[in-house]
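Undergrad: The structure's right below; bear with me while I get my questions together.
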Amino acid sequence: PQVGRLLVVVAILTLIYGNFAALPQSNLKRLLAYSSIAHAGYLLIGVVTFSGAAVAYYLVAYLLMTLLCFAVLIVVGNQGGDQIDDYAGLARRSPFLAFALLIGMISLAGVPFTAGFLGKFFIFDAAIRQDQTLLAAVGVITVGCGFYYYLKVVRAMYWLEPAPGAAPVAVSGLTRFTMTVLIAAIFVLGVYPQPILNALRPKAVALSSNVDRR
């Protein structure tokens with residue numbers, strides 16, 4: 001019980017620190033780094049509630065979203081910088097890259113029909129079922145913070161004008177294909193999660209059993 005209470009406190013502090021530290025960031029790499037702390041907090045909710053399948057699903061979803069975002073960050077970074085201002089008008093300079101980063105951002109934020117939304121839903125549902133309503137409430141509130149800082153990247157891409165002289169961003173065929181696969185996977189997991197849940201659940205149960213025996 002003491003370990004469980006400690007994990008609850010750690011999860012809450014992680015959620016609050018990660019999200020609020022990401023709020024003022026103007027550098028996209030730093031924003032993603034701090035937000036990763038927040039996502040660790042969501043995972044801790046699953047650990048506290050012994051929801052192995054939810055944790056495993058969230059990990060898979062987070063991997064897909066992060067790979068997509070960093071793929072865009074690398075391509076844009078090669079021709080510009082890592083500041084959010086460097087993404088101003090990206091929708092005009094490279095509509096495909098802007099769309100790819102849009103999907104990554106809204107999924108990380110937890111917009112419905114994406115893997116990120118269902119990942120958070122499964123985690124919060126497990127918390128409520130285990131009477132961890134405080135954890136669920138803190139999680140839902142901090143999701144609102146995430147919407148703010150993820151969507152300010154979207155705002156820069158679609159609503160701000162590109163810097164004078166900003167050149168179009170070239171994307172190789174392989175990079176475009178890889179991003180397309182990641183985008184498709186994010187939406188497939190967001191609307192049809194059952195196959196991946198069925199695949200992950202036995203492994204999560206086996207891992208939980210091993211932990212319990214120890």
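Residue numbering restarts at 1 in every chain; chains get A, B, ... in the order shown in the structure tokens, and ligands count up from 1 in that same order.
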Give me, as a tab-separated table, the closest atom pair and its distance (Å, one decimal) for every residue of segment 76-100 of chain A within a cut-off of 9 Å of segment 155-164 of chain A, counting only C-alpha atoms, rows sorted by chain and rising number.
TA:
residue	atom	partner	partner_atom	distance
A:Ile84	CA	A:Ala156	CA	7.0
A:Asp85	CA	A:Ala156	CA	6.7
A:Asp86	CA	A:Ala163	CA	7.9
A:Tyr87	CA	A:Met157	CA	5.5
A:Ala88	CA	A:Ala156	CA	4.5
A:Gly89	CA	A:Pro162	CA	4.1
A:Leu90	CA	A:Met157	CA	4.7
A:Ala91	CA	A:Met157	CA	5.5
A:Arg92	CA	A:Pro162	CA	7.7
A:Arg93	CA	A:Pro162	CA	7.8
A:Ala98	CA	A:Met157	CA	6.4
Undergrad: Take the residues that were just selected and, keeping C-alpha atoms, output them as a PDB file, in the first residue's frame.
TA:
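Printed below is out-v5.pdb as written:
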ATOM      1  CA  ILE A  84       8.478  26.660 -33.187  1.00  0.00           C
ATOM      2  CA  ASP A  85       8.808  29.904 -35.168  1.00  0.00           C
ATOM      3  CA  ASP A  86      10.833  27.944 -37.738  1.00  0.00           C
ATOM      4  CA  TYR A  87       7.630  26.003 -38.479  1.00  0.00           C
ATOM      5  CA  ALA A  88       5.688  29.156 -39.320  1.00  0.00           C
ATOM      6  CA  GLY A  89       3.879  28.670 -42.612  1.00  0.00           C
ATOM      7  CA  LEU A  90       5.109  25.078 -43.009  1.00  0.00           C
ATOM      8  CA  ALA A  91       1.744  24.224 -44.567  1.00  0.00           C
ATOM      9  CA  ARG A  92       2.728  26.461 -47.498  1.00  0.00           C
ATOM     10  CA  ARG A  93       6.348  25.301 -47.691  1.00  0.00           C
ATOM     11  CA  ALA A  98       2.724  20.007 -42.029  1.00  0.00           C
TER      12      ALA A  98
END
Undergrad: Neighbouring residues of Asp131 of chain A were defined as those with any atom within 12 Å, considering only C-alpha atoms; residues of the same chain fewer than 6 positions away were excluded. Please report them as a list of chain:residue names.
TA: A:Ile45, A:Val48, A:Thr49, A:Phe124, A:Asp125, A:Ala137
Undergrad: Could you take the residues named above and write them with N, CA and C atoms, as an mmCIF file, in the first residue's frame?
TA:
data_model
loop_
_atom_site.group_PDB
_atom_site.id
_atom_site.type_symbol
_atom_site.label_atom_id
_atom_site.label_comp_id
_atom_site.auth_asym_id
_atom_site.auth_seq_id
_atom_site.Cartn_x
_atom_site.Cartn_y
_atom_site.Cartn_z
ATOM 1 N N ILE A 45 0.046 6.049 -14.299
ATOM 2 C CA ILE A 45 -1.344 5.789 -13.900
ATOM 3 C C ILE A 45 -1.700 4.340 -14.205
ATOM 4 N N VAL A 48 0.029 2.099 -11.636
ATOM 5 C CA VAL A 48 -0.652 2.160 -10.335
ATOM 6 C C VAL A 48 -1.922 1.319 -10.345
ATOM 7 N N THR A 49 -2.625 1.309 -11.470
ATOM 8 C CA THR A 49 -3.901 0.595 -11.562
ATOM 9 C C THR A 49 -3.739 -0.830 -12.090
ATOM 10 N N PHE A 124 -7.205 6.244 -18.273
ATOM 11 C CA PHE A 124 -8.148 6.901 -17.356
ATOM 12 C C PHE A 124 -9.273 5.951 -16.952
ATOM 13 N N ASP A 125 -9.730 5.130 -17.884
ATOM 14 C CA ASP A 125 -10.770 4.148 -17.575
ATOM 15 C C ASP A 125 -10.283 3.171 -16.505
ATOM 16 N N ALA A 137 -8.617 12.509 -12.503
ATOM 17 C CA ALA A 137 -8.946 13.936 -12.599
ATOM 18 C C ALA A 137 -7.720 14.764 -12.956
#
Undergrad: Could you jot down the atom CA of Val143 of chain A to atom CA of Ala109 of chain A separation for me, Å, one decimal place?
TA: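 Spanning atom CA of Val143 of chain A to atom CA of Ala109 of chain A is a straight-line distance of 6.8 Å.
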Undergrad: Can you build me a table of segment 18-123 of chain A residues sitting at most 9 Å from segment 177-195 of chain A, with the closest atom pair per residue and its distance in Å to one decimal, using only C-alpha atoms, sorted by chain and residue number, as a tab-separated table?
TA:
residue	atom	partner	partner_atom	distance
A:Tyr57	CA	A:Pro193	CA	8.6
A:Ala61	CA	A:Ile186	CA	7.0
A:Leu64	CA	A:Leu182	CA	6.1
A:Met65	CA	A:Ile186	CA	7.2
A:Leu67	CA	A:Leu182	CA	7.9
A:Leu68	CA	A:Met179	CA	6.1
A:Ala71	CA	A:Met179	CA	7.5
A:Val72	CA	A:Met179	CA	8.4
A:Leu97	CA	A:Met179	CA	8.8
A:Ala100	CA	A:Met179	CA	6.8
A:Ile103	CA	A:Ile183	CA	6.8
A:Gly104	CA	A:Ile183	CA	7.8
A:Ser107	CA	A:Ile186	CA	7.6
A:Pro112	CA	A:Gly190	CA	7.5
A:Phe113	CA	A:Gly190	CA	4.7
A:Thr114	CA	A:Gly190	CA	3.9
A:Ala115	CA	A:Gly190	CA	4.0
A:Gly116	CA	A:Gly190	CA	7.2
A:Phe117	CA	A:Gly190	CA	7.0
A:Leu118	CA	A:Gly190	CA	6.0
A:Gly119	CA	A:Gly190	CA	8.5
Undergrad: Mind checking which residues fall within 8 Å of Val8 of chain A, counting only C-alpha atoms, ignoring those fewer than 3 positions away in the same chain, and posting them as a count of residues only?
TA: 8
Undergrad: DSSP on the backbone, alpha helix (DSSP H) only: what residues of segment 31-193 of chain A does that give? Format it as a ChimeraX atom specification.
TA: /A:31-48,52-79,90-93,95-109,115-129,133-159,173-191
Undergrad: Could you produce a table of the residues of segment 53-141 of chain A lying within 10 Å of segment 28-41 of chain A, with the nearest pair of atoms per residue and their separation in Å rounded to one decimal, using only C-alpha atoms, ordered by chain and increasing residue number, as a Markdown table?
TA:
| residue | atom | partner | partner_atom | distance |
| --- | --- | --- | --- | --- |
| A:Tyr58 | CA | A:His39 | CA | 9.0 |
| A:Leu59 | CA | A:His39 | CA | 9.4 |
| A:Tyr62 | CA | A:His39 | CA | 8.2 |
| A:Thr66 | CA | A:Leu32 | CA | 8.4 |
| A:Cys69 | CA | A:Leu32 | CA | 8.8 |
| A:Phe70 | CA | A:Lys29 | CA | 8.5 |
| A:Leu73 | CA | A:Lys29 | CA | 8.0 |
| A:Gly81 | CA | A:Leu28 | CA | 9.3 |
| A:Asp82 | CA | A:Leu28 | CA | 5.6 |
| A:Gln83 | CA | A:Leu28 | CA | 5.7 |
| A:Ile84 | CA | A:Leu28 | CA | 5.6 |
| A:Asp85 | CA | A:Leu28 | CA | 9.2 |
| A:Asp86 | CA | A:Leu28 | CA | 9.4 |
| A:Tyr87 | CA | A:Leu28 | CA | 9.3 |
| A:Met105 | CA | A:Leu32 | CA | 9.8 |
| A:Leu108 | CA | A:His39 | CA | 8.8 |
| A:Ala109 | CA | A:Ser35 | CA | 9.9 |
| A:Lys120 | CA | A:His39 | CA | 9.5 |
| A:Leu135 | CA | A:Gly41 | CA | 9.9 |
| A:Gly139 | CA | A:Gly41 | CA | 8.4 |
Undergrad: Rank A:Val47, A:Val75, A:Ala54, A:Phe121 by their smallest atom-to-atom distance to Val3 of chain A, using only C-alpha atoms, and report the top residue only.
TA: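 Distance minimum relative to Val3 of chain A lands on A:Val47.
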Undergrad: Identify which of the residues A:Asn27, A:Ser94, A:Gln132, A:Thr14 lies closest to Ala167 of chain A, counting only C-alpha atoms when measuring atom-to-atom distances.
TA: A:Ser94
